[in-house]
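File shown here: protein_5.pdb, holding PDB, C-alpha atoms and all ligand atoms.
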MODEL        1
ATOM      1  CA  MET A 192      28.122 -14.010 -11.812  1.00  0.00           C
ATOM      2  CA  THR A 193      27.070 -13.044  -8.306  1.00  0.00           C
ATOM      3  CA  ALA A 194      27.486 -15.180  -5.216  1.00  0.00           C
ATOM      4  CA  SER A 195      23.764 -15.741  -4.899  1.00  0.00           C
ATOM      5  CA  THR A 196      23.531 -16.838  -8.537  1.00  0.00           C
ATOM      6  CA  LEU A 197      26.315 -19.316  -7.928  1.00  0.00           C
ATOM      7  CA  LEU A 198      24.582 -20.542  -4.819  1.00  0.00           C
ATOM      8  CA  GLY A 199      21.353 -20.865  -6.786  1.00  0.00           C
ATOM      9  CA  LEU A 200      23.027 -22.926  -9.517  1.00  0.00           C
ATOM     10  CA  GLY A 201      24.845 -25.040  -6.965  1.00  0.00           C
ATOM     11  CA  CYS A 202      21.628 -25.741  -5.131  1.00  0.00           C
ATOM     12  CA  ALA A 203      19.842 -26.671  -8.351  1.00  0.00           C
ATOM     13  CA  LEU A 204      22.451 -29.388  -8.804  1.00  0.00           C
ATOM     14  CA  LEU A 205      22.695 -30.332  -5.166  1.00  0.00           C
ATOM     15  CA  VAL A 206      19.213 -29.768  -3.807  1.00  0.00           C
ATOM     16  CA  ILE A 207      19.567 -32.441  -1.179  1.00  0.00           C
ATOM     17  CA  TYR A 208      22.867 -31.115   0.085  1.00  0.00           C
ATOM     18  CA  CYS A 209      21.627 -27.527   0.167  1.00  0.00           C
ATOM     19  CA  GLY A 210      18.446 -28.620   1.897  1.00  0.00           C
ATOM     20  CA  ALA A 211      20.501 -30.384   4.528  1.00  0.00           C
ATOM     21  CA  ALA A 212      22.749 -27.341   4.893  1.00  0.00           C
ATOM     22  CA  GLY A 213      19.699 -25.145   5.442  1.00  0.00           C
ATOM     23  CA  ALA A 214      20.199 -23.116   2.259  1.00  0.00           C
ATOM     24  CA  VAL A 215      17.077 -21.903   0.509  1.00  0.00           C
ATOM     25  CA  GLU A 216      16.307 -23.113  -2.995  1.00  0.00           C
ATOM     26  CA  LYS A 217      16.286 -20.168  -5.414  1.00  0.00           C
ATOM     27  CA  PRO A 218      14.887 -21.011  -8.836  1.00  0.00           C
ATOM     28  CA  ILE A 219      14.708 -17.387 -10.085  1.00  0.00           C
ATOM     29  CA  THR A 220      17.941 -15.919 -11.475  1.00  0.00           C
ATOM     30  CA  GLU A 221      19.149 -12.428 -10.581  1.00  0.00           C
ATOM     31  CA  ILE A 222      18.494 -11.298 -14.152  1.00  0.00           C
ATOM     32  CA  CYS A 223      14.960 -12.583 -13.962  1.00  0.00           C
ATOM     33  CA  LEU A 224      14.321 -10.775 -10.672  1.00  0.00           C
ATOM     34  CA  THR A 225      15.674  -7.565 -12.185  1.00  0.00           C
ATOM     35  CA  CYS A 226      13.322  -7.802 -15.146  1.00  0.00           C
ATOM     36  CA  MET A 227      10.333  -8.752 -13.024  1.00  0.00           C
ATOM     37  CA  CYS A 228      10.749  -5.642 -10.885  1.00  0.00           C
ATOM     38  CA  GLU A 229      11.344  -3.482 -13.943  1.00  0.00           C
ATOM     39  CA  ALA A 230       8.106  -4.678 -15.550  1.00  0.00           C
ATOM     40  CA  LEU A 231       6.102  -4.561 -12.317  1.00  0.00           C
ATOM     41  CA  SER A 232       7.180  -1.286 -10.743  1.00  0.00           C
ATOM     42  CA  GLY A 233      10.064   0.191 -12.717  1.00  0.00           C
ATOM     43  CA  CYS A 234      12.086  -1.063  -9.710  1.00  0.00           C
ATOM     44  CA  ASN A 235      10.867   2.032  -7.872  1.00  0.00           C
ATOM     45  CA  ALA A 236      12.049   1.385  -4.322  1.00  0.00           C
ATOM     46  CA  THR A 237       9.638   3.861  -2.730  1.00  0.00           C
ATOM     47  CA  ALA A 238       7.751   1.766  -0.190  1.00  0.00           C
ATOM     48  CA  VAL A 239       4.283   1.564  -1.634  1.00  0.00           C
ATOM     49  CA  CYS A 240       1.292  -0.753  -2.036  1.00  0.00           C
ATOM     50  CA  VAL A 241      -0.849  -0.584  -5.160  1.00  0.00           C
ATOM     51  CA  ASN A 242      -4.213  -2.329  -4.802  1.00  0.00           C
ATOM     52  CA  GLY A 243      -2.781  -4.441  -1.996  1.00  0.00           C
ATOM     53  CA  ALA A 244       0.369  -5.438  -3.924  1.00  0.00           C
ATOM     54  CA  CYS A 245       3.499  -4.088  -2.256  1.00  0.00           C
ATOM     55  CA  GLY A 246       7.110  -3.293  -2.990  1.00  0.00           C
ATOM     56  CA  ILE A 247       9.230  -3.436  -6.135  1.00  0.00           C
ATOM     57  CA  PHE A 248       7.826  -6.894  -6.931  1.00  0.00           C
ATOM     58  CA  ARG A 249       4.198  -5.966  -6.137  1.00  0.00           C
ATOM     59  CA  ILE A 250       3.714  -8.934  -3.826  1.00  0.00           C
ATOM     60  CA  THR A 251       0.244  -9.653  -2.472  1.00  0.00           C
ATOM     61  CA  TRP A 252      -0.657 -10.781   1.014  1.00  0.00           C
ATOM     62  CA  ASP A 253      -1.837 -14.173  -0.304  1.00  0.00           C
ATOM     63  CA  GLN A 254       1.490 -14.754  -2.050  1.00  0.00           C
ATOM     64  CA  TRP A 255       3.367 -13.791   1.070  1.00  0.00           C
ATOM     65  CA  VAL A 256       1.346 -16.243   3.197  1.00  0.00           C
ATOM     66  CA  ASP A 257       1.742 -19.005   0.575  1.00  0.00           C
ATOM     67  CA  SER A 258       5.492 -18.420   0.602  1.00  0.00           C
ATOM     68  CA  GLY A 259       5.797 -19.032   4.322  1.00  0.00           C
ATOM     69  CA  ARG A 260       5.459 -15.511   5.774  1.00  0.00           C
ATOM     70  CA  LEU A 261       9.104 -14.517   5.456  1.00  0.00           C
ATOM     71  CA  THR A 262      10.056 -11.495   7.535  1.00  0.00           C
ATOM     72  CA  VAL A 263      12.728  -8.853   7.765  1.00  0.00           C
ATOM     73  CA  GLU A 264      15.017  -9.334  10.717  1.00  0.00           C
ATOM     74  CA  GLY A 265      13.331  -8.667  14.043  1.00  0.00           C
ATOM     75  CA  ASP A 266       9.734  -8.971  12.783  1.00  0.00           C
ATOM     76  CA  SER A 267       7.295 -11.620  13.947  1.00  0.00           C
ATOM     77  CA  PRO A 268       5.451 -13.383  11.081  1.00  0.00           C
ATOM     78  CA  MET A 269       2.206 -12.707  12.916  1.00  0.00           C
ATOM     79  CA  SER A 270       2.691  -8.963  13.399  1.00  0.00           C
ATOM     80  CA  ASP A 271       0.386  -6.565  11.545  1.00  0.00           C
ATOM     81  CA  THR A 272       3.224  -4.974   9.625  1.00  0.00           C
ATOM     82  CA  ALA A 273       5.254  -8.118   8.796  1.00  0.00           C
ATOM     83  CA  PHE A 274       3.803  -8.413   5.291  1.00  0.00           C
ATOM     84  CA  THR A 275       4.311  -4.812   4.189  1.00  0.00           C
ATOM     85  CA  ASN A 276       7.749  -4.668   5.809  1.00  0.00           C
ATOM     86  CA  CYS A 277       8.836  -7.787   3.917  1.00  0.00           C
ATOM     87  CA  ALA A 278       7.273  -6.902   0.572  1.00  0.00           C
ATOM     88  CA  ASN A 279       8.774  -3.417   0.718  1.00  0.00           C
ATOM     89  CA  ASP A 280      12.241  -4.834   1.408  1.00  0.00           C
ATOM     90  CA  PRO A 281      13.927  -5.870  -1.869  1.00  0.00           C
ATOM     91  CA  ILE A 282      15.693  -8.890  -0.322  1.00  0.00           C
ATOM     92  CA  CYS A 283      12.698 -10.176   1.650  1.00  0.00           C
ATOM     93  CA  GLY A 284      10.496  -9.533  -1.407  1.00  0.00           C
ATOM     94  CA  ALA A 285      12.870 -11.451  -3.692  1.00  0.00           C
ATOM     95  CA  ASP A 286      13.134 -14.332  -1.217  1.00  0.00           C
ATOM     96  CA  THR A 287       9.334 -14.441  -1.050  1.00  0.00           C
ATOM     97  CA  LEU A 288       9.146 -14.827  -4.823  1.00  0.00           C
ATOM     98  CA  GLN A 289      11.828 -17.526  -4.719  1.00  0.00           C
ATOM     99  CA  SER A 290       9.869 -19.473  -2.146  1.00  0.00           C
ATOM    100  CA  TYR A 291       6.649 -18.937  -4.122  1.00  0.00           C
ATOM    101  CA  MET A 292       8.269 -20.397  -7.267  1.00  0.00           C
ATOM    102  CA  VAL A 293       9.696 -23.370  -5.372  1.00  0.00           C
ATOM    103  CA  ARG A 294       6.082 -24.136  -4.552  1.00  0.00           C
ATOM    104  CA  TYR A 295       4.282 -23.081  -7.745  1.00  0.00           C
ATOM    105  CA  GLY A 296       6.982 -23.132 -10.448  1.00  0.00           C
ATOM    106  CA  GLN A 297       5.822 -24.902 -13.614  1.00  0.00           C
ATOM    107  CA  ASP A 298       6.097 -24.822 -17.389  1.00  0.00           C
ATOM    108  CA  CYS A 299       3.281 -22.435 -18.317  1.00  0.00           C
ATOM    109  CA  ASN A 300       4.012 -21.854 -22.001  1.00  0.00           C
ATOM    110  CA  GLY A 301       4.626 -25.477 -22.977  1.00  0.00           C
ATOM    111  CA  ASP A 302       8.251 -25.055 -24.110  1.00  0.00           C
ATOM    112  CA  GLN A 303       9.347 -27.986 -21.951  1.00  0.00           C
ATOM    113  CA  GLN A 304      11.295 -25.876 -19.514  1.00  0.00           C
ATOM    114  CA  GLU A 305      10.554 -23.963 -16.373  1.00  0.00           C
ATOM    115  CA  ASP A 306      12.245 -20.590 -16.690  1.00  0.00           C
ATOM    116  CA  CYS A 307      11.943 -16.864 -16.241  1.00  0.00           C
ATOM    117  CA  PHE A 308       9.081 -16.492 -18.743  1.00  0.00           C
ATOM    118  CA  ASP A 309       7.071 -18.922 -16.667  1.00  0.00           C
ATOM    119  CA  TYR A 310       7.922 -17.181 -13.395  1.00  0.00           C
ATOM    120  CA  GLY A 311       6.891 -13.817 -14.852  1.00  0.00           C
ATOM    121  CA  ALA A 312       3.550 -15.310 -15.884  1.00  0.00           C
ATOM    122  CA  ILE A 313       2.995 -17.133 -12.584  1.00  0.00           C
ATOM    123  CA  HIS A 314       3.682 -14.034 -10.542  1.00  0.00           C
ATOM    124  CA  TYR A 315       1.446 -11.748 -12.583  1.00  0.00           C
ATOM    125  CA  MET A 316      -1.435 -14.055 -13.444  1.00  0.00           C
ATOM    126  CA  GLY A 317      -1.270 -16.653 -10.714  1.00  0.00           C
ATOM    127  CA  PRO A 318      -0.154 -20.300 -10.792  1.00  0.00           C
ATOM    128  CA  PHE A 319      -3.511 -21.537 -12.061  1.00  0.00           C
ATOM    129  CA  ASN A 320      -3.856 -19.016 -14.906  1.00  0.00           C
ATOM    130  CA  CYS A 321      -0.269 -18.737 -16.073  1.00  0.00           C
ATOM    131  CA  GLN A 322      -0.977 -20.179 -19.538  1.00  0.00           C
ATOM    132  CA  ALA A 323      -2.962 -17.047 -20.398  1.00  0.00           C
ATOM    133  CA  ASP A 324      -1.445 -14.192 -22.400  1.00  0.00           C
ATOM    134  CA  MET A 325       0.365 -11.610 -20.294  1.00  0.00           C
ATOM    135  CA  PRO A 326      -1.010  -8.064 -20.378  1.00  0.00           C
ATOM    136  CA  TYR A 327       0.680  -6.246 -23.273  1.00  0.00           C
ATOM    137  CA  THR A 328       2.602  -3.585 -21.344  1.00  0.00           C
ATOM    138  CA  TYR A 329       3.916  -6.011 -18.747  1.00  0.00           C
ATOM    139  CA  GLU A 330       5.003  -8.555 -21.356  1.00  0.00           C
ATOM    140  CA  SER A 331       6.622  -5.943 -23.524  1.00  0.00           C
ATOM    141  CA  ILE A 332       8.742  -4.389 -20.751  1.00  0.00           C
ATOM    142  CA  PHE A 333       9.574  -7.814 -19.313  1.00  0.00           C
ATOM    143  CA  LYS A 334      10.767  -9.349 -22.594  1.00  0.00           C
ATOM    144  CA  LYS A 335      12.738  -6.291 -23.682  1.00  0.00           C
ATOM    145  CA  CYS A 336      14.488  -6.276 -20.329  1.00  0.00           C
ATOM    146  CA  LEU A 337      15.335  -9.983 -20.551  1.00  0.00           C
ATOM    147  CA  LYS A 338      16.740  -9.593 -24.049  1.00  0.00           C
ATOM    148  CA  ARG A 339      18.865  -6.615 -22.985  1.00  0.00           C
ATOM    149  CA  GLN A 340      20.130  -8.357 -19.848  1.00  0.00           C
ATOM    150  CA  GLN A 341      20.935 -11.575 -21.680  1.00  0.00           C
ATOM    151  CA  GLN A 342      22.926  -9.697 -24.295  1.00  0.00           C
ATOM    152  CA  GLN A 343      24.770  -7.799 -21.607  1.00  0.00           C
ATOM    153  CA  TRP A 344      25.608 -10.791 -19.425  1.00  0.00           C
ATOM    154  CA  LYS A 345      25.531 -13.609 -22.002  1.00  0.00           C
ATOM    155  CA  GLN A 346      23.728 -15.672 -19.467  1.00  0.00           C
ATOM    156  CA  GLN A 347      20.830 -18.066 -19.335  1.00  0.00           C
ATOM    157  CA  ILE A 348      17.685 -16.923 -17.637  1.00  0.00           C
TER     158      ILE A 348
HETATM  159  C1  LIG B 401       8.249   6.117  -7.269  1.00  0.00           C
HETATM  160  O1  LIG B 401       7.001   5.893  -6.653  1.00  0.00           O
HETATM  161  C2  LIG B 401       6.533   6.975  -5.872  1.00  0.00           C
HETATM  162  C3  LIG B 401       5.286   6.513  -5.148  1.00  0.00           C
HETATM  163  O2  LIG B 401       4.341   5.957  -6.035  1.00  0.00           O
HETATM  164  C4  LIG B 401       6.312   8.171  -6.786  1.00  0.00           C
HETATM  165  O3  LIG B 401       5.846   9.273  -6.028  1.00  0.00           O
HETATM  166  C5  LIG B 401       7.627   8.526  -7.473  1.00  0.00           C
HETATM  167  O4  LIG B 401       7.413   9.572  -8.396  1.00  0.00           O
HETATM  168  C6  LIG B 401       8.191   7.326  -8.189  1.00  0.00           C
HETATM  169  N1  LIG B 401       9.533   7.618  -8.688  1.00  0.00           N
HETATM  170  C7  LIG B 401       9.878   7.443  -9.948  1.00  0.00           C
HETATM  171  C8  LIG B 401      11.314   7.743 -10.273  1.00  0.00           C
HETATM  172  O5  LIG B 401       9.097   7.064 -10.803  1.00  0.00           O
ENDMDL
END
Encoded form (structure tokens):
Amino acid sequence: MTASTLLGLGCALLVIYCGAAGAVEKPITEICLTCMCEALSGCNATAVCVNGACGIFRITWDQWVDSGRLTVEGDSPMSDTAFTNCANDPICGADTLQSYMVRYGQDCNGDQQEDCFDYGAIHYMGPFNCQADMPYTYESIFKKCLKRQQQQWKQQI
């Protein structure tokens, strides 16, 4: 288990403490982030935007703004390149998704829990359409990856 996973679990249990300590709430597990990038971009780290969606997580400008305009170190949130610089940085991109799910996380598929399947749907289809079926290719790569990762790490997602 990585340090950030531990921090994430700790914060889930101690949200108030972590909030007070200035730590960021991170609902998405490392495994889930790995499988999201695999399904979205093959985790291809070449800095690129496809139809306005940038980086390994294919983050859009709207998502970035909704998540609080996080930036890589040294960038101003209002600069012209802040969005692409963040989305094309794996850490800033991942933190953007974390912040997005703190805001929009919900149980999309009605299984009474909010988990990686929901986050995958929210990111791809939007928070207000996440009950819809995922596109076949995305869903197929995403679910195969989650199964493989869970078997490898024997961990919850
Ligand atoms: C990664 O993406 C770039 C830009 O789209 C592409 O040229 C390159 O072939 C890709 N690499 C792999 C390993 O798919």
Counting only C-alpha atoms and all ligand atoms, which residues in chain A sit no more than 9 Å from ligand LIG 401 (chain B)? For each one, give the nearest pair of atoms and the distance in Å, sorted by chain then residue number, as a tab-separated table.
residue	atom	partner	partner_atom	distance
A:Ser232	CA	B:LIG401	C1	8.2
A:Gly233	CA	B:LIG401	O5	7.2
A:Cys234	CA	B:LIG401	C1	8.5
A:Asn235	CA	B:LIG401	C1	4.9
A:Ala236	CA	B:LIG401	C1	6.7
A:Thr237	CA	B:LIG401	O1	5.1
A:Ala238	CA	B:LIG401	C3	7.3
A:Val239	CA	B:LIG401	C3	6.2
A:Cys240	CA	B:LIG401	O2	8.4
A:Val241	CA	B:LIG401	O2	8.4
TODO: Find the residues around A:Ala323 up to 9 Å (all atoms listed in the file counted), leave out those fewer than 5 positions away in its own chain, and share them as a list in words.
DONE: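 Contacts, with the query itself left out: Cys299, Asn300, Ala312 and Met316 of chain A.
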For the residues in that selection, give me C-alpha atoms as a compact mmCIF listing (two decimals), keeping the file's coordinate frame.
# COMPACT_ATOMS: atom_id res chain seq x y z
CA CYS A 299 3.28 -22.44 -18.32
CA ASN A 300 4.01 -21.85 -22.00
CA ALA A 312 3.55 -15.31 -15.88
CA MET A 316 -1.44 -14.06 -13.44
Compile a residue-level contact table for stretch 299-333 of chain A against stretch 252-259 of chain A at a cut-off of 12 Å, reporting for every qualifying residue the shortest atom pair and its distance in Å to one decimal, with all atoms listed in the file counted, rows ordered by chain and ascending number, as CSV.
residue,atom,partner,partner_atom,distance
A:Ile313,CA,A:Gln254,CA,10.9
A:His314,CA,A:Gln254,CA,8.8
A:Tyr315,CA,A:Gln254,CA,11.0
A:Met316,CA,A:Gln254,CA,11.8
A:Gly317,CA,A:Gln254,CA,9.3
A:Pro318,CA,A:Gln254,CA,10.5
Could you write out the selected residues, including C-alpha atoms, as an mmCIF file, in the coordinates of the input?
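Contents of part21.cif, freshly written:
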data_model
loop_
_atom_site.group_PDB
_atom_site.id
_atom_site.type_symbol
_atom_site.label_atom_id
_atom_site.label_comp_id
_atom_site.auth_asym_id
_atom_site.auth_seq_id
_atom_site.Cartn_x
_atom_site.Cartn_y
_atom_site.Cartn_z
ATOM 1 C CA ILE A 313 2.995 -17.133 -12.584
ATOM 2 C CA HIS A 314 3.682 -14.034 -10.542
ATOM 3 C CA TYR A 315 1.446 -11.748 -12.583
ATOM 4 C CA MET A 316 -1.435 -14.055 -13.444
ATOM 5 C CA GLY A 317 -1.270 -16.653 -10.714
ATOM 6 C CA PRO A 318 -0.154 -20.300 -10.792
#
Open item on the list: I'd like the neighbourhood of A:Tyr310 as an MDAnalysis selection string, where a residue qualifies if any of its atoms comes within 10 Å (using only C-alpha atoms), though same-chain residues fewer than 5 positions away should be ignored.
Closed with: chainID A and resid 218:219 223:224 227 288:289 291:292 295:299 305 315:318 321
TODO: Rounded to one decimal place, report the atom CA of A:Gly301-atom CA of A:Cys226 distance in Å.
DONE: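 For atom CA of A:Gly301 relative to atom CA of A:Cys226, the distance reads 21.2 Å.
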Which residues are near A:Phe274? Cut-off 10 Å, all atoms listed in the file, ignore same chain within fewer than 6 positions. Put them as a JSON list (two decimals) with C-alpha atoms, in the coordinates of the input.
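Okay, this is what ended up in around_6.json:
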[["chain", "number", "residue", "atom", "x", "y", "z"],
["A", 245, "CYS", "CA", 3.50, -4.09, -2.26],
["A", 250, "ILE", "CA", 3.71, -8.93, -3.83],
["A", 251, "THR", "CA", 0.24, -9.65, -2.47],
["A", 252, "TRP", "CA", -0.66, -10.78, 1.01],
["A", 253, "ASP", "CA", -1.84, -14.17, -0.30],
["A", 254, "GLN", "CA", 1.49, -14.75, -2.05],
["A", 255, "TRP", "CA", 3.37, -13.79, 1.07],
["A", 256, "VAL", "CA", 1.35, -16.24, 3.20],
["A", 260, "ARG", "CA", 5.46, -15.51, 5.77],
["A", 261, "LEU", "CA", 9.10, -14.52, 5.46],
["A", 262, "THR", "CA", 10.06, -11.50, 7.54],
["A", 263, "VAL", "CA", 12.73, -8.85, 7.76],
["A", 266, "ASP", "CA", 9.73, -8.97, 12.78],
["A", 267, "SER", "CA", 7.30, -11.62, 13.95],
["A", 268, "PRO", "CA", 5.45, -13.38, 11.08],
["A", 280, "ASP", "CA", 12.24, -4.83, 1.41],
["A", 283, "CYS", "CA", 12.70, -10.18, 1.65],
["A", 284, "GLY", "CA", 10.50, -9.53, -1.41]]
Task: Which of A:Thr275, A:Ile222, A:Thr287, A:Asp302 sits closest to A:Gly243 [using all atoms listed in the file] - done: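 With all atoms listed in the file as the atom set, the closest residue is A:Thr275.
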Open item on the list: Using all atoms listed in the file for the distances, tell me which of A:Glu229, A:Asp271, A:Glu216, A:Asp324 is nearest to A:Leu337.
Closed with: A:Glu229
- [ ] Go ahead and compute the interatomic distance for atom CA of A:Met269 and atom CA of A:Asp286, in Å to one decimal.
- [x]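 Here the two named atoms are 17.9 Å from each other.
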TODO: Give me the residues within 12 Å of A:Lys338 as an MDAnalysis selection string, counting only C-alpha atoms and dropping any in the same chain fewer than 6 places off.
DONE: chainID A and resid 222:223 226 307:308 331:332 344:348
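Minimum atom-to-atom distances from A:Thr220, A:Asn279, A:Thr272, A:Thr225 to A:Ala244 were compared using all atoms listed in the file, and the lowest value belongs to A:Asn279.
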Open item on the list: Between atom CA of A:Ser290 and atom CA of A:Gln303, what distance in Å does the model show, to one decimal?
Closed with: 21.6 Å
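For the choices A:Ile282, A:Cys336, A:Ala273, A:Met325, the atom-to-atom distance to A:Gly311 is smallest for A:Met325 when using all atoms listed in the file.
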